[in-house]
>>> print(open('run34.cif').read())   # mmCIF, C-alpha atoms, pLDDT in the B column; chains and numbers go by the auth columns
data_target
loop_
_atom_site.group_PDB
_atom_site.id
_atom_site.type_symbol
_atom_site.label_atom_id
_atom_site.label_comp_id
_atom_site.label_asym_id
_atom_site.label_seq_id
_atom_site.Cartn_x
_atom_site.Cartn_y
_atom_site.Cartn_z
_atom_site.B_iso_or_equiv
_atom_site.auth_seq_id
_atom_site.auth_asym_id
ATOM 1 C CA MET A 1 119.350 113.565 93.359 38.00 1 A
ATOM 2 C CA ILE A 2 116.591 111.104 94.221 37.00 2 A
ATOM 3 C CA SER A 3 113.089 112.414 94.660 39.00 3 A
ATOM 4 C CA THR A 4 111.234 111.612 97.855 38.00 4 A
ATOM 5 C CA ALA A 5 108.494 110.024 95.758 40.00 5 A
ATOM 6 C CA THR A 6 111.019 107.456 94.527 39.00 6 A
ATOM 7 C CA LEU A 7 111.975 106.500 98.078 41.00 7 A
ATOM 8 C CA SER A 8 108.564 106.689 99.715 40.00 8 A
ATOM 9 C CA LYS A 9 107.131 103.545 101.213 44.00 9 A
ATOM 10 C CA PRO A 10 104.623 101.696 99.072 45.00 10 A
ATOM 11 C CA ARG A 11 101.014 102.201 100.067 45.00 11 A
ATOM 12 C CA PRO A 12 99.310 99.240 101.760 47.00 12 A
ATOM 13 C CA GLY A 13 98.063 96.876 99.089 47.00 13 A
ATOM 14 C CA SER A 14 100.417 98.227 96.432 53.00 14 A
ATOM 15 C CA ARG A 15 102.779 95.218 96.411 56.00 15 A
ATOM 16 C CA ARG A 16 103.358 94.112 92.829 63.00 16 A
ATOM 17 C CA SER A 17 104.259 90.485 93.538 72.00 17 A
ATOM 18 C CA GLN A 18 104.091 87.963 96.311 81.00 18 A
ATOM 19 C CA ARG A 19 106.877 88.010 98.932 86.00 19 A
ATOM 20 C CA LEU A 20 108.366 84.605 99.726 90.00 20 A
ATOM 21 C CA LYS A 21 110.662 83.536 102.549 94.00 21 A
ATOM 22 C CA LEU A 22 113.568 82.088 100.622 94.00 22 A
ATOM 23 C CA GLN A 23 117.241 81.763 101.470 96.00 23 A
ATOM 24 C CA VAL A 24 119.379 82.459 98.414 97.00 24 A
ATOM 25 C CA PRO A 25 123.118 83.123 98.749 98.00 25 A
ATOM 26 C CA VAL A 26 124.013 86.497 97.246 98.00 26 A
ATOM 27 C CA LEU A 27 127.101 88.637 96.824 98.00 27 A
ATOM 28 C CA VAL A 28 126.340 92.319 97.401 98.00 28 A
ATOM 29 C CA THR A 29 128.680 94.950 95.958 98.00 29 A
ATOM 30 C CA ARG A 30 128.603 98.663 96.703 96.00 30 A
ATOM 31 C CA GLN A 31 130.615 101.046 94.537 90.00 31 A
ATOM 32 C CA ILE A 32 132.382 103.643 96.680 85.00 32 A
ATOM 33 C CA PRO A 33 133.780 106.671 94.824 85.00 33 A
ATOM 34 C CA LYS A 34 137.605 106.726 94.735 90.00 34 A
ATOM 35 C CA GLN A 35 137.807 103.437 96.672 89.00 35 A
ATOM 36 C CA ARG A 36 137.699 99.745 95.959 91.00 36 A
ATOM 37 C CA PRO A 37 134.163 98.358 95.841 93.00 37 A
ATOM 38 C CA ALA A 38 132.845 96.983 99.143 95.00 38 A
ATOM 39 C CA ARG A 39 131.655 93.359 98.843 97.00 39 A
ATOM 40 C CA GLU A 40 129.762 91.206 101.287 98.00 40 A
ATOM 41 C CA ASP A 41 128.273 87.720 101.186 98.00 41 A
ATOM 42 C CA ALA A 42 124.696 87.523 102.438 98.00 42 A
ATOM 43 C CA VAL A 43 121.665 85.249 102.333 97.00 43 A
ATOM 44 C CA THR A 44 118.217 86.530 101.445 97.00 44 A
ATOM 45 C CA LEU A 45 115.539 86.559 104.125 96.00 45 A
ATOM 46 C CA ASN A 46 112.740 86.985 101.614 96.00 46 A
ATOM 47 C CA VAL A 47 112.405 87.737 97.918 95.00 47 A
ATOM 48 C CA ASN A 48 109.819 88.979 95.445 93.00 48 A
ATOM 49 C CA ALA A 49 109.812 89.528 91.708 91.00 49 A
ATOM 50 C CA CYS A 50 111.044 93.114 92.183 93.00 50 A
ATOM 51 C CA GLY A 51 113.850 92.598 94.742 96.00 51 A
ATOM 52 C CA GLY A 52 114.564 91.129 98.142 96.00 52 A
ATOM 53 C CA MET A 53 115.769 91.557 101.711 97.00 53 A
ATOM 54 C CA PHE A 54 118.972 90.439 103.420 97.00 54 A
ATOM 55 C CA GLU A 55 121.177 91.457 106.337 97.00 55 A
ATOM 56 C CA LEU A 56 124.389 93.402 105.750 97.00 56 A
ATOM 57 C CA GLN A 57 127.236 94.613 107.935 96.00 57 A
ATOM 58 C CA MET A 58 128.402 97.199 105.364 95.00 58 A
ATOM 59 C CA PRO A 59 126.923 100.667 105.792 94.00 59 A
ATOM 60 C CA VAL A 60 124.284 101.576 103.217 96.00 60 A
ATOM 61 C CA GLU A 61 121.580 104.233 103.020 95.00 61 A
ATOM 62 C CA ARG A 62 118.227 104.436 101.280 97.00 62 A
ATOM 63 C CA GLY A 63 118.773 105.305 97.657 96.00 63 A
ATOM 64 C CA ASP A 64 122.234 103.693 97.401 96.00 64 A
ATOM 65 C CA LEU A 65 122.831 101.539 94.333 96.00 65 A
ATOM 66 C CA LEU A 66 124.104 98.008 94.933 98.00 66 A
ATOM 67 C CA THR A 67 124.896 95.126 92.629 98.00 67 A
ATOM 68 C CA VAL A 68 123.291 91.902 93.829 98.00 68 A
ATOM 69 C CA GLN A 69 124.643 88.644 92.420 98.00 69 A
ATOM 70 C CA ASN A 70 122.612 85.454 92.795 97.00 70 A
ATOM 71 C CA LYS A 71 125.432 83.041 93.692 97.00 71 A
ATOM 72 C CA CYS A 72 123.403 80.049 92.448 96.00 72 A
ATOM 73 C CA THR A 73 123.216 81.407 88.892 96.00 73 A
ATOM 74 C CA ALA A 74 126.000 84.078 88.866 97.00 74 A
ATOM 75 C CA GLU A 75 123.414 86.525 87.462 96.00 75 A
ATOM 76 C CA GLU A 76 123.785 90.134 88.638 97.00 76 A
ATOM 77 C CA ARG A 77 121.251 92.947 88.946 97.00 77 A
ATOM 78 C CA GLU A 78 121.639 96.587 89.869 97.00 78 A
ATOM 79 C CA SER A 79 119.397 97.322 92.841 97.00 79 A
ATOM 80 C CA ARG A 80 118.380 100.367 94.836 97.00 80 A
ATOM 81 C CA VAL A 81 118.189 100.306 98.644 98.00 81 A
ATOM 82 C CA VAL A 82 114.584 101.057 99.608 97.00 82 A
ATOM 83 C CA TYR A 83 114.639 99.976 103.269 97.00 83 A
ATOM 84 C CA VAL A 84 117.271 100.062 106.005 97.00 84 A
ATOM 85 C CA GLY A 85 116.203 98.440 109.249 96.00 85 A
ATOM 86 C CA PRO A 86 117.619 98.751 112.743 91.00 86 A
ATOM 87 C CA THR A 87 120.971 97.173 113.544 91.00 87 A
ATOM 88 C CA GLY A 88 120.753 93.624 114.868 89.00 88 A
ATOM 89 C CA PRO A 89 123.310 90.959 115.796 90.00 89 A
ATOM 90 C CA ASN A 90 123.900 90.059 112.110 89.00 90 A
ATOM 91 C CA GLY A 91 123.798 93.598 110.721 94.00 91 A
ATOM 92 C CA ARG A 92 120.912 95.606 109.328 97.00 92 A
ATOM 93 C CA LYS A 93 118.003 94.288 107.310 97.00 93 A
ATOM 94 C CA ILE A 94 118.304 95.840 103.867 98.00 94 A
ATOM 95 C CA GLY A 95 115.453 95.861 101.360 97.00 95 A
ATOM 96 C CA VAL A 96 116.321 96.373 97.699 97.00 96 A
ATOM 97 C CA GLU A 97 114.395 96.686 94.477 96.00 97 A
ATOM 98 C CA PHE A 98 115.819 95.984 91.046 96.00 98 A
ATOM 99 C CA THR A 99 116.386 99.071 88.916 96.00 99 A
ATOM 100 C CA GLN A 100 115.288 97.052 85.850 93.00 100 A
ATOM 101 C CA PRO A 101 112.636 94.311 85.826 85.00 101 A
ATOM 102 C CA SER A 102 114.053 90.841 86.353 84.00 102 A
ATOM 103 C CA LYS A 103 111.277 88.284 86.642 78.00 103 A
ATOM 104 C CA ASP A 104 113.652 85.289 86.573 89.00 104 A
ATOM 105 C CA PHE A 105 116.454 86.489 88.862 95.00 105 A
ATOM 106 C CA TRP A 106 115.404 84.240 91.769 95.00 106 A
ATOM 107 C CA GLN A 107 114.461 81.338 89.422 90.00 107 A
ATOM 108 C CA ILE A 108 110.900 81.314 90.795 86.00 108 A
ATOM 109 C CA HIS A 109 107.532 82.137 89.212 78.00 109 A
ATOM 110 C CA PHE A 110 105.812 84.842 91.263 72.00 110 A
ATOM 111 C CA PRO A 111 102.046 85.198 90.845 67.00 111 A
ATOM 112 C CA LEU A 112 100.861 88.789 90.616 64.00 112 A
ATOM 113 C CA VAL A 113 99.112 90.110 93.691 63.00 113 A
ATOM 114 C CA ALA A 114 95.441 90.869 93.053 63.00 114 A
ATOM 115 C CA PRO A 115 94.369 94.426 93.849 64.00 115 A
ATOM 116 C CA ARG A 116 92.518 94.845 97.112 60.00 116 A
ATOM 117 C CA ASN A 117 88.773 95.222 96.884 63.00 117 A
ATOM 118 C CA ASN A 118 88.554 97.882 99.656 60.00 118 A
ATOM 119 C CA GLY A 119 85.311 96.334 100.899 58.00 119 A
ATOM 120 C CA HIS A 120 83.313 96.914 97.685 56.00 120 A
#
>>> encode(input="run34.cif", output="structure tokens")
Amino acid sequence: MISTATLSKPRPGSRRSQRLKLQVPVLVTRQIPKQRPAREDAVTLNVNACGGMFELQMPVERGDLLTVQNKCTAEERESRVVYVGPTGPNGRKIGVEFTQPSKDFWQIHFPLVAPRNNGH
């Protein structure tokens, strides 16, 4: 069971790394109990050091575990679905975060985001 704290939206200003618009081809795999894994090719819409966003046709829910393979490097990372957007013409926007840190998965150096000053 996943706690609601794990799935809650980050607070404004709590982003850990910069988000970049970057198109990276990925292969997304979802393990389905007692069935063959579902696989779908996708292209990222944006990425950060902790995960990314892409559109999928396959049904997923917040909290689902997916394997995301960077098709440029063949590297794979287990990821948790943290955002499921409304259905559009190309599927749903799906936001994932890596279950283990992976600073080099996208082959980009991400500067850390400075904490907000809150007007002080």
>>> residues_near_point(input="run34.cif", point="(116.5, 94.1, 99.2)", cutoff="8 Å", atoms="only C-alpha atoms", output="JSON, numbers by chain")
{"A": [47, 51, 52, 53, 54, 79, 80, 81, 82, 83, 94, 95, 96, 97]}
>>> residues_near_point(input="run34.cif", point="(126.7, 88.0, 96.8)", cutoff="8 Å", atoms="all atoms listed in the file", output="ChimeraX atom specification")
/A:25-29,39-43,68-71
>>> atom_distance(input="run34.cif", atom1="CA of Lys103 in chain A", atom2="CA of Ala38 in chain A")
26.4 Å
>>> closest_residue(input="run34.cif", among="A:Pro37, A:Cys50, A:Gln18, A:Phe110", to="Phe98 in chain A", atoms="all atoms listed in the file")
A:Cys50
>>> closest_residue(input="run34.cif", among="A:Lys93, A:Pro86, A:Leu66, A:Met58", to="Leu45 in chain A", atoms="only C-alpha atoms")
A:Lys93
>>> atom_distance(input="run34.cif", atom1="CA of Leu56 in chain A", atom2="CA of Asn90 in chain A")
7.2 Å
>>> atom_distance(input="run34.cif", atom1="CA of Val24 in chain A", atom2="CA of Gly91 in chain A")
17.2 Å
>>> closest_residue(input="run34.cif", among="A:Ser102, A:Ser17, A:Gln23, A:Gln31", to="Asp64 in chain A", atoms="only C-alpha atoms")
A:Gln31
>>> closest_residue(input="run34.cif", among="A:Gln100, A:Ala74, A:Val84, A:Trp106", to="Leu22 in chain A", atoms="all atoms listed in the file")
A:Trp106
>>> residues_around(input="run34.cif", residues="Pro89 in chain A", least_positions_apart="3", cutoff="10 Å", atoms="only C-alpha atoms", output="list in words")
Glu55, Gln57 and Arg92 of chain A
>>> closest_residue(input="run34.cif", among="A:Arg77, A:Arg36, A:Arg19, A:His109", to="Leu65 in chain A", atoms="all atoms listed in the file")
A:Arg77
